[in-house]
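Pasting my_file.tsv here (TSV, C-alpha atoms and all ligand atoms):
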chain	number	residue	atom	x	y	z
W	5	MET	CA	2.40	10.38	21.18
W	6	LEU	CA	-0.48	9.74	18.80
W	7	SER	CA	1.66	10.64	15.77
W	8	LYS	CA	3.82	7.63	16.69
W	9	PHE	CA	0.82	5.30	16.37
W	10	GLN	CA	1.35	4.74	12.69
W	11	THR	CA	0.44	1.62	10.73
W	12	LEU	CA	2.61	0.34	7.89
W	13	TYR	CA	-0.10	0.91	5.29
W	14	ARG	CA	-0.72	4.52	6.35
W	15	HIS	CA	3.02	5.15	6.35
W	16	ILE	CA	3.66	3.82	2.85
W	17	ILE	CA	0.68	5.73	1.46
W	18	GLN	CA	2.05	8.96	2.96
W	19	ASP	CA	5.49	8.09	1.60
W	20	GLU	CA	4.08	7.64	-1.92
W	21	ARG	CA	1.91	10.77	-1.71
W	22	ASN	CA	5.10	12.87	-1.90
W	23	ILE	CA	5.77	11.54	-5.43
W	24	PRO	CA	3.66	13.58	-7.88
W	25	GLU	CA	3.31	10.83	-10.53
W	26	ALA	CA	2.47	8.11	-7.97
W	27	THR	CA	-0.62	6.02	-8.68
W	28	GLY	CA	-0.80	4.17	-5.36
W	29	GLN	CA	0.26	0.89	-6.96
W	30	LEU	CA	3.55	0.69	-5.07
W	31	SER	CA	1.71	1.13	-1.76
W	32	ASP	CA	-0.68	-1.66	-2.72
W	33	LEU	CA	2.17	-3.94	-3.79
W	34	LEU	CA	4.02	-3.35	-0.49
W	35	SER	CA	0.79	-4.13	1.35
W	36	ASP	CA	0.39	-7.39	-0.57
W	37	ILE	CA	3.91	-8.38	0.51
W	38	ALA	CA	3.21	-7.35	4.12
W	39	LEU	CA	0.01	-9.41	4.17
W	40	ALA	CA	1.81	-12.50	2.87
W	41	CYS	CA	4.49	-11.99	5.54
W	42	LYS	CA	1.87	-11.82	8.30
W	43	VAL	CA	0.61	-15.24	7.22
W	44	ILE	CA	4.18	-16.60	6.98
W	45	SER	CA	4.79	-15.27	10.50
W	46	LEU	CA	1.85	-17.30	11.80
W	47	GLU	CA	3.16	-20.45	10.12
W	48	VAL	CA	6.71	-19.86	11.41
W	49	ASN	CA	5.30	-19.70	14.94
W	50	ARG	CA	3.49	-23.00	14.38
W	51	ALA	CA	6.53	-24.72	12.86
W	52	GLY	CA	7.62	-26.42	16.10
W	53	LEU	CA	4.09	-27.69	16.71
W	54	ILE	CA	3.84	-29.21	13.26
W	55	ASP	CA	6.76	-31.48	14.19
W	56	ILE	CA	5.26	-32.39	17.57
W	57	LEU	CA	1.98	-33.19	15.88
W	58	GLY	CA	3.88	-35.37	13.42
W	59	LEU	CA	2.60	-33.50	10.38
W	60	THR	CA	5.73	-32.88	8.33
W	61	GLY	CA	5.71	-34.89	5.15
W	62	GLU	CA	2.19	-36.13	5.89
W	63	LYS	CA	-1.31	-34.99	4.96
W	64	ASN	CA	-2.86	-32.05	6.81
W	65	VAL	CA	-6.48	-31.96	7.97
W	66	GLN	CA	-7.66	-30.98	4.49
W	67	GLY	CA	-5.88	-34.03	3.10
W	68	GLU	CA	-3.13	-31.90	1.52
W	69	GLU	CA	0.56	-32.73	1.82
W	70	VAL	CA	2.22	-30.49	4.45
W	71	LYS	CA	4.79	-28.42	2.63
W	72	LYS	CA	8.17	-27.33	3.87
W	73	LEU	CA	7.97	-23.84	5.26
W	74	ASP	CA	10.22	-22.29	2.61
W	75	GLU	CA	8.10	-23.74	-0.20
W	76	TYR	CA	4.99	-22.53	1.59
W	77	ALA	CA	6.38	-19.00	1.94
W	78	ASN	CA	7.36	-18.98	-1.73
W	79	THR	CA	3.92	-20.09	-2.91
W	80	LEU	CA	2.12	-17.63	-0.67
W	81	LEU	CA	4.17	-14.62	-1.78
W	82	LYS	CA	3.73	-15.61	-5.42
W	83	ARG	CA	-0.03	-16.03	-5.10
W	84	MET	CA	-0.51	-12.81	-3.19
W	85	MET	CA	1.36	-10.80	-5.82
W	86	GLN	CA	-0.20	-12.63	-8.77
W	87	MET	CA	-3.65	-11.75	-7.42
W	88	GLY	CA	-2.65	-8.18	-6.55
W	89	GLY	CA	-2.16	-7.23	-10.19
W	90	HIS	CA	0.78	-4.86	-9.75
W	91	ALA	CA	3.67	-7.11	-10.79
W	92	CYS	CA	4.51	-8.23	-14.33
W	93	ALA	CA	7.25	-10.66	-13.20
W	94	LEU	CA	8.32	-12.36	-9.99
W	95	CYS	CA	11.82	-13.68	-9.31
W	96	SER	CA	12.32	-15.94	-6.32
W	97	GLU	CA	15.36	-17.64	-4.85
W	98	GLU	CA	13.21	-20.79	-4.81
W	99	GLU	CA	12.38	-20.71	-8.54
W	100	GLU	CA	14.64	-21.71	-11.41
W	101	THR	CA	13.66	-18.74	-13.55
W	102	PHE	CA	11.32	-15.76	-13.32
W	103	VAL	CA	7.55	-16.10	-13.26
W	104	PRO	CA	5.99	-13.86	-15.93
W	105	ILE	CA	2.57	-12.44	-15.08
W	106	ASP	CA	-0.03	-11.25	-17.53
W	107	GLU	CA	-2.22	-8.27	-16.78
W	108	VAL	CA	-4.80	-9.23	-14.14
W	109	TYR	CA	-7.01	-6.13	-14.28
W	110	SER	CA	-7.37	-4.33	-17.59
W	111	ASP	CA	-7.30	-0.87	-16.01
W	112	TYR	CA	-3.98	-1.50	-14.25
W	113	SER	CA	-0.57	-1.17	-15.80
W	114	HIS	CA	1.17	-3.97	-13.91
W	115	LYS	CA	4.47	-2.17	-13.84
W	116	TYR	CA	6.63	-3.77	-11.14
W	117	ILE	CA	9.18	-6.57	-10.93
W	118	VAL	CA	9.64	-8.19	-7.52
W	119	HIS	CA	12.64	-10.24	-6.43
W	120	PHE	CA	12.41	-12.14	-3.17
W	121	ASP	CA	14.05	-14.65	-0.89
W	122	PRO	CA	10.92	-16.14	0.69
W	123	LEU	CA	12.56	-17.64	3.77
W	124	ASP	CA	16.15	-16.61	4.33
W	125	GLY	CA	18.13	-18.62	6.88
W	126	SER	CA	15.76	-21.55	6.49
W	127	SER	CA	18.27	-24.04	7.92
W	128	ASN	CA	17.56	-22.32	11.27
W	129	ILE	CA	13.80	-23.02	11.29
W	130	ASP	CA	13.87	-26.18	13.37
W	131	ALA	CA	16.03	-24.56	16.06
W	132	ASN	CA	13.62	-21.63	16.65
W	133	ILE	CA	16.27	-19.17	15.46
W	134	SER	CA	15.22	-15.98	13.68
W	135	ILE	CA	14.65	-16.24	9.92
W	136	GLY	CA	13.17	-13.78	7.44
W	137	THR	CA	11.84	-12.70	4.06
W	138	ILE	CA	13.77	-10.26	1.83
W	139	PHE	CA	12.25	-8.37	-1.13
W	140	SER	CA	13.27	-5.91	-3.79
W	141	ILE	CA	11.09	-3.95	-6.24
W	142	TYR	CA	11.94	-2.49	-9.68
W	143	LYS	CA	9.90	-0.72	-12.35
W	144	ARG	CA	9.59	-2.60	-15.65
W	145	ILE	CA	11.52	-1.38	-18.69
W	146	SER	CA	9.28	-3.07	-21.27
W	147	THR	CA	5.94	-1.39	-21.84
W	148	LYS	CA	3.33	-4.14	-21.98
W	149	GLY	CA	2.61	-7.83	-21.57
W	150	PRO	CA	4.32	-10.09	-19.07
W	151	GLY	CA	7.75	-8.95	-17.82
W	152	THR	CA	10.92	-10.08	-19.60
W	153	MET	CA	14.40	-11.19	-18.48
W	154	ASP	CA	15.69	-7.66	-19.23
W	155	ASP	CA	13.10	-6.26	-16.83
W	156	CYS	CA	14.33	-8.69	-14.19
W	157	LEU	CA	18.07	-8.07	-14.60
W	158	GLN	CA	18.37	-4.41	-13.65
W	159	TYR	CA	21.14	-2.80	-11.63
W	160	GLY	CA	20.51	-2.48	-7.88
W	161	THR	CA	20.58	1.31	-8.29
W	162	LYS	CA	17.25	0.99	-10.12
W	163	GLN	CA	15.35	-0.40	-7.12
W	164	VAL	CA	12.31	1.66	-6.17
W	165	ALA	CA	11.72	-0.12	-2.87
W	166	ALA	CA	13.21	-2.92	-0.80
W	167	GLY	CA	12.77	-4.42	2.62
W	168	TYR	CA	12.74	-7.45	4.84
W	169	VAL	CA	10.73	-9.13	7.55
W	170	VAL	CA	12.39	-10.86	10.50
W	171	TYR	CA	10.42	-13.63	12.20
W	172	GLY	CA	12.07	-13.43	15.61
W	173	SER	CA	11.04	-12.79	19.20
W	174	SER	CA	8.58	-10.49	17.48
W	175	THR	CA	7.92	-10.03	13.76
W	176	VAL	CA	9.49	-6.90	12.35
W	177	MET	CA	9.26	-5.32	8.89
W	178	VAL	CA	11.81	-2.77	7.67
W	179	TYR	CA	11.43	-1.04	4.29
W	180	THR	CA	12.67	1.80	2.15
W	181	ALA	CA	11.04	3.41	-0.85
W	182	GLY	CA	14.11	5.58	-1.41
W	183	LYS	CA	13.31	8.15	1.28
W	184	GLY	CA	14.78	6.70	4.46
W	185	VAL	CA	14.43	3.39	6.24
W	186	HIS	CA	11.43	2.71	8.43
W	187	GLY	CA	10.80	-0.13	10.87
W	188	PHE	CA	7.51	-1.68	12.05
W	189	THR	CA	6.66	-4.36	14.60
W	190	LEU	CA	3.73	-6.71	14.09
W	191	ASP	CA	1.13	-6.47	16.84
W	192	PRO	CA	-0.39	-9.95	16.56
W	193	SER	CA	-3.45	-9.00	18.62
W	194	VAL	CA	-4.63	-6.51	15.96
W	195	GLY	CA	-2.71	-7.97	13.00
W	196	GLU	CA	-1.07	-4.64	12.14
W	197	PHE	CA	2.54	-3.64	11.62
W	198	LEU	CA	3.08	-0.56	13.86
W	199	LEU	CA	5.89	1.98	13.40
W	200	PHE	CA	8.75	1.61	15.87
W	201	SER	CA	11.39	3.71	14.14
W	202	GLU	CA	11.33	6.27	11.32
W	203	ASN	CA	14.45	7.26	9.36
W	204	MET	CA	16.63	4.60	10.94
W	205	LYS	CA	20.37	5.29	10.79
W	206	ILE	CA	23.14	2.73	11.21
W	207	PRO	CA	26.06	3.88	13.43
W	208	LYS	CA	29.00	5.02	11.26
W	209	LYS	CA	31.44	2.80	13.15
W	210	SER	CA	30.77	-0.28	15.21
W	211	LYS	CA	32.34	-2.80	17.56
W	212	THR	CA	30.82	-5.93	16.02
W	213	TYR	CA	31.61	-8.22	13.11
W	214	SER	CA	29.46	-11.04	11.73
W	215	VAL	CA	31.05	-13.73	9.61
W	216	ASN	CA	31.24	-17.52	9.43
W	217	GLU	CA	34.78	-17.75	10.74
W	218	GLY	CA	34.87	-21.49	10.16
W	219	ASN	CA	35.74	-20.58	6.57
W	220	TYR	CA	38.90	-18.68	7.63
W	221	SER	CA	41.41	-21.05	6.00
W	222	LYS	CA	39.63	-20.70	2.62
W	223	TRP	CA	39.55	-16.86	2.54
W	224	PRO	CA	41.83	-14.59	0.51
W	225	ASP	CA	44.71	-13.02	2.51
W	226	GLY	CA	43.12	-9.56	2.68
W	227	VAL	CA	40.01	-10.91	4.43
W	228	LYS	CA	42.11	-12.99	6.84
W	229	LYS	CA	44.19	-9.93	7.72
W	230	TYR	CA	41.11	-7.78	8.27
W	231	ILE	CA	39.60	-10.32	10.69
W	232	ASP	CA	42.97	-10.64	12.50
W	233	TYR	CA	43.03	-6.81	12.77
W	234	LEU	CA	39.52	-6.74	14.30
W	235	LYS	CA	40.65	-9.18	17.01
W	236	GLU	CA	43.76	-7.23	18.04
W	237	LYS	CA	43.66	-5.16	21.22
W	238	ASP	CA	43.74	-1.39	20.64
W	239	SER	CA	41.53	0.81	22.81
W	240	ASP	CA	41.95	3.88	20.54
W	241	THR	CA	40.14	2.14	17.68
W	242	GLY	CA	37.76	0.17	19.90
W	243	ARG	CA	39.36	-3.21	19.23
W	244	PRO	CA	38.96	-6.08	19.75
W	245	TYR	CA	35.52	-6.20	18.13
W	246	SER	CA	32.84	-8.63	19.33
W	247	SER	CA	31.76	-11.45	17.07
W	248	ARG	CA	28.02	-12.05	16.49
W	249	TYR	CA	26.82	-14.52	13.85
W	250	VAL	CA	23.29	-15.91	13.74
W	251	GLY	CA	23.63	-17.59	10.34
W	252	SER	CA	20.43	-15.90	9.12
W	253	LEU	CA	21.46	-12.93	7.01
W	254	VAL	CA	18.29	-10.93	7.77
W	255	ALA	CA	18.72	-11.40	11.52
W	256	ASP	CA	22.43	-10.49	11.45
W	257	PHE	CA	21.68	-7.50	9.21
W	258	HIS	CA	18.81	-6.27	11.39
W	259	ARG	CA	20.92	-6.38	14.58
W	260	ASN	CA	23.76	-4.55	12.84
W	261	LEU	CA	21.36	-1.92	11.47
W	262	LEU	CA	20.15	-1.19	14.99
W	263	TYR	CA	23.45	-1.34	16.92
W	264	GLY	CA	26.11	-1.01	14.22
W	265	GLY	CA	28.23	-3.79	12.77
W	266	ILE	CA	29.76	-5.26	9.65
W	267	PHE	CA	28.38	-8.45	8.09
W	268	MET	CA	30.65	-10.32	5.71
W	269	TYR	CA	30.24	-13.27	3.40
W	270	PRO	CA	33.52	-13.23	1.43
W	271	ALA	CA	34.53	-15.27	-1.59
W	272	ASP	CA	36.68	-18.26	-0.73
W	273	ASN	CA	38.86	-20.69	-2.64
W	274	LYS	CA	35.87	-22.96	-3.32
W	275	ASN	CA	33.18	-20.31	-3.96
W	276	LYS	CA	34.75	-17.62	-6.11
W	277	ASN	CA	31.67	-15.39	-5.76
W	278	GLY	CA	30.80	-16.20	-2.16
W	279	LYS	CA	27.45	-17.69	-1.25
W	280	LEU	CA	24.86	-14.94	-1.18
W	281	ARG	CA	22.69	-13.91	-4.13
W	282	LEU	CA	22.98	-10.49	-5.73
W	283	MET	CA	19.32	-10.04	-6.70
W	284	TYR	CA	17.56	-11.62	-3.71
W	285	GLU	CA	19.86	-10.77	-0.80
W	286	ALA	CA	22.71	-8.34	-1.51
W	287	ASN	CA	20.90	-5.67	-3.59
W	288	PRO	CA	17.87	-5.15	-1.32
W	289	LEU	CA	20.02	-4.99	1.82
W	290	ALA	CA	22.52	-2.70	0.05
W	291	PHE	CA	19.71	-0.29	-0.87
W	292	LEU	CA	18.47	-0.32	2.73
W	293	VAL	CA	21.91	0.13	4.29
W	294	GLU	CA	22.80	3.05	2.00
W	295	GLN	CA	19.49	4.71	2.83
W	296	ALA	CA	20.42	4.27	6.51
W	297	GLY	CA	23.84	5.90	5.99
W	298	GLY	CA	25.85	2.66	5.73
W	299	ARG	CA	27.78	0.98	2.94
W	300	ALA	CA	27.68	-2.26	0.94
W	301	SER	CA	30.39	-3.61	-1.31
W	302	ASN	CA	31.78	-6.79	-2.79
W	303	GLY	CA	35.19	-5.72	-1.49
W	304	GLU	CA	36.00	-3.78	-4.64
W	305	LYS	CA	32.87	-1.99	-5.78
W	306	ARG	CA	29.45	-0.87	-4.63
W	307	ILE	CA	26.97	-3.78	-4.61
W	308	LEU	CA	24.32	-1.62	-6.30
W	309	GLU	CA	26.63	-1.08	-9.30
W	310	ILE	CA	27.34	-4.76	-10.01
W	311	LYS	CA	26.03	-5.76	-13.42
W	312	PRO	CA	23.42	-8.50	-13.06
W	313	GLU	CA	24.07	-11.26	-15.62
W	314	SER	CA	21.79	-13.97	-14.25
W	315	LEU	CA	18.98	-14.22	-11.72
W	316	HIS	CA	20.82	-16.47	-9.27
W	317	GLN	CA	24.19	-14.70	-9.54
W	318	ARG	CA	26.24	-14.74	-6.34
W	319	THR	CA	28.44	-12.02	-4.90
W	320	PRO	CA	30.83	-11.55	-2.00
W	321	LEU	CA	29.20	-9.19	0.51
W	322	PHE	CA	30.62	-6.67	3.02
W	323	ILE	CA	27.76	-4.62	4.44
W	324	GLY	CA	27.01	-2.44	7.43
W	325	SER	CA	28.58	0.52	9.25
W	326	GLU	CA	30.31	2.77	6.72
W	327	GLU	CA	33.74	3.12	8.37
W	328	ASP	CA	33.98	-0.62	8.99
W	329	VAL	CA	33.16	-1.50	5.39
W	330	ILE	CA	35.71	1.05	4.14
W	331	MET	CA	38.35	-0.53	6.38
W	332	ALA	CA	37.50	-4.02	5.07
W	333	GLU	CA	37.86	-2.74	1.49
W	334	LYS	CA	41.31	-1.28	2.32
W	335	PHE	CA	42.57	-4.64	3.59
W	336	ILE	CA	41.13	-6.51	0.60
W	337	ASN	CA	42.56	-4.12	-1.97
W	338	LYS	CA	46.02	-3.99	-0.32
W	339	SER	CA	46.54	-7.73	-0.69
N	401	LIG	P1	19.46	-19.38	2.43
N	401	LIG	O1	18.88	-18.25	1.62
N	401	LIG	O2	19.44	-20.69	1.68
N	401	LIG	O3	18.86	-19.49	3.78
N	401	LIG	O4	21.06	-19.12	2.58
N	401	LIG	C1	21.53	-17.87	2.98
N	401	LIG	C2	22.03	-17.94	4.40
N	401	LIG	C3	22.09	-16.57	5.02
N	401	LIG	O5	20.92	-16.27	5.70
N	401	LIG	C4	23.24	-16.71	5.99
N	401	LIG	O6	23.86	-15.48	6.24
N	401	LIG	C5	24.15	-17.67	5.29
N	401	LIG	O7	23.35	-18.41	4.39
N	401	LIG	C6	24.79	-18.62	6.24
N	401	LIG	O8	25.68	-19.42	5.55
N	401	LIG	P2	26.77	-20.32	6.31
N	401	LIG	O9	26.01	-21.43	6.92
N	401	LIG	O10	27.70	-20.75	5.22
N	401	LIG	O11	27.45	-19.45	7.33
N	402	MG	MG	18.74	-16.43	1.63

Let me see the file written as C-alpha cells.
Amino acid sequence: MLSKFQTLYRHIIQDERNIPEATGQLSDLLSDIALACKVISLEVNRAGLIDILGLTGEKNVQGEEVKKLDEYANTLLKRMMQMGGHACALCSEEEETFVPIDEVYSDYSHKYIVHFDPLDGSSNIDANISIGTIFSIYKRISTKGPGTMDDCLQYGTKQVAAGYVVYGSSTVMVYTAGKGVHGFTLDPSVGEFLLFSENMKIPKKSKTYSVNEGNYSKWPDGVKKYIDYLKEKDSDTGRPYSSRYVGSLVADFHRNLLYGGIFMYPADNKNKNGKLRLMYEANPLAFLVEQAGGRASNGEKRILEIKPESLHQRTPLFIGSEEDVIMAEKFINKS
C-alpha cells in the first residue's frame, strides 16, 4: 500500500536514476513544468469567479490588467522554465516564434528544448469544461549558447519526455520519459501530484470515437466511409461505436487513454492539414500513446516520423487504440 503513495517528483527522479548518464536536469525540468501547472490549476478553478467579480479586462488588486487565462498560462510556463535554467529554447503555441534562452547558471548545460500548448481547449474555459496543458521535451543538437531553430525542429521520435495536465473534476498529470506512461492526481490539500497509475496501457480496440462530426461534409471520402462504418450495427466487431467529443484534445485523449478510443481531427477541403499542431499537440500525444501501446498517424504515416518544417505546422491526427487507428488508415488509403 505504501509503495503506491508516490509523489510525481520522487517518481521522475527514480525514472531518471535508471539512465547512467543522467544529471538530474530532466527531473528538475519536469518539476518546473509541474509547479507551473499547479498554479495554472488554481487559476483555472478561479476563472468563473473572476467573471462574477467583474475582473476580466480590468485591473486586479495590484493594479495590473487581468490577463486572459491562456496568456497567463503561457507567461507562467515561460517564466518558470526561464528561471529553472534547464532549457535553451521554448516554443509555445501562443508565441510567433521560439524564445531563445541564454545560460542562467554557469555550471549548468541548459540542454533541453520545450514545446508546449499552455492551455489547450481554451474556448471551453468559460463553460467549466476540462482543458489542459501539453508539453514535449527534446535534447538540443547545438552545443552552446541559446537554442536555434534546428534544435526546435526535431522529429517527434527524438522526444525525451512528453506529457499533459488536465484541469478537470480533479487535476491530473500524465507523463512519459520513454519508459512507460504514468499518471498522477493533484491532491490540492498538500499540493502534490500523487501516483494513480503506473505503466498505463490503452486498450488495443475500443468502442468509442471522438471527432467533430459537424465537419463531415468537408472530409475526404475515406474518412466519411470510416465514420459510416463505425455507426453500422455489427455485434461481432462491437459496432456501432459510441461517440464522445469534448472539444478539448487533452480531455478527449485522456478519456480514450483510460477506456480506449480513437480521436480524429482529419484534413478537410478547407484545411488541407487539419487543425492541430504537430509540435505542440500531435507529437507529444503520439509519444505518449505509443508508450501506452497505442498508435498515432496522419492517416498515411506515423506522426512521430513527420518532418517538422515550421513551428506551427499542422497535421491531420488519428490517435488512440491501435486496432482502431489501423482500421482508419485502411479506409483512408483505400479511397
Ligand atoms: P486550441 O489549442 O486553440 O485550444 O485548439 C485545439 C482544440 C483541441 O483541443 C480540440 O480537439 C479542437 O481544437 C477542437 O476543434 P473544433 O472546435 O474544430 O472541433
Ligand atoms: Mg491546443

Select the residues contacting ligand MG 402 (chain N) at a distance of at most 8 Å, based on only C-alpha atoms and all ligand atoms, then format the selection as a PyMOL selection string. chain W and resi 97+121-126+138+252-253+280-281+284-285

Determine the nearest neighbour of ligand LIG 401 (chain N) from the options W:Ala290, W:Leu190, W:Val164, W:Ile133, counting all atoms listed in the file.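 Under the stated criterion, the closest residue is W:Ile133.
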
Closest to W:Ala332 among W:Gly149, W:Gly226, W:Pro312, W:Gly297, using all atoms listed in the file?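 Nearest to W:Ala332: W:Gly226.
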
What gap, in Å, lies between atom CA of W:Val118 and atom CA of W:Asp36? 11.6 Å

In Å, with one decimal, what is the gap from atom CA of W:Ala271 to atom CA of W:Arg248?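 Rounded to one decimal, the two atoms are 19.5 Å apart.
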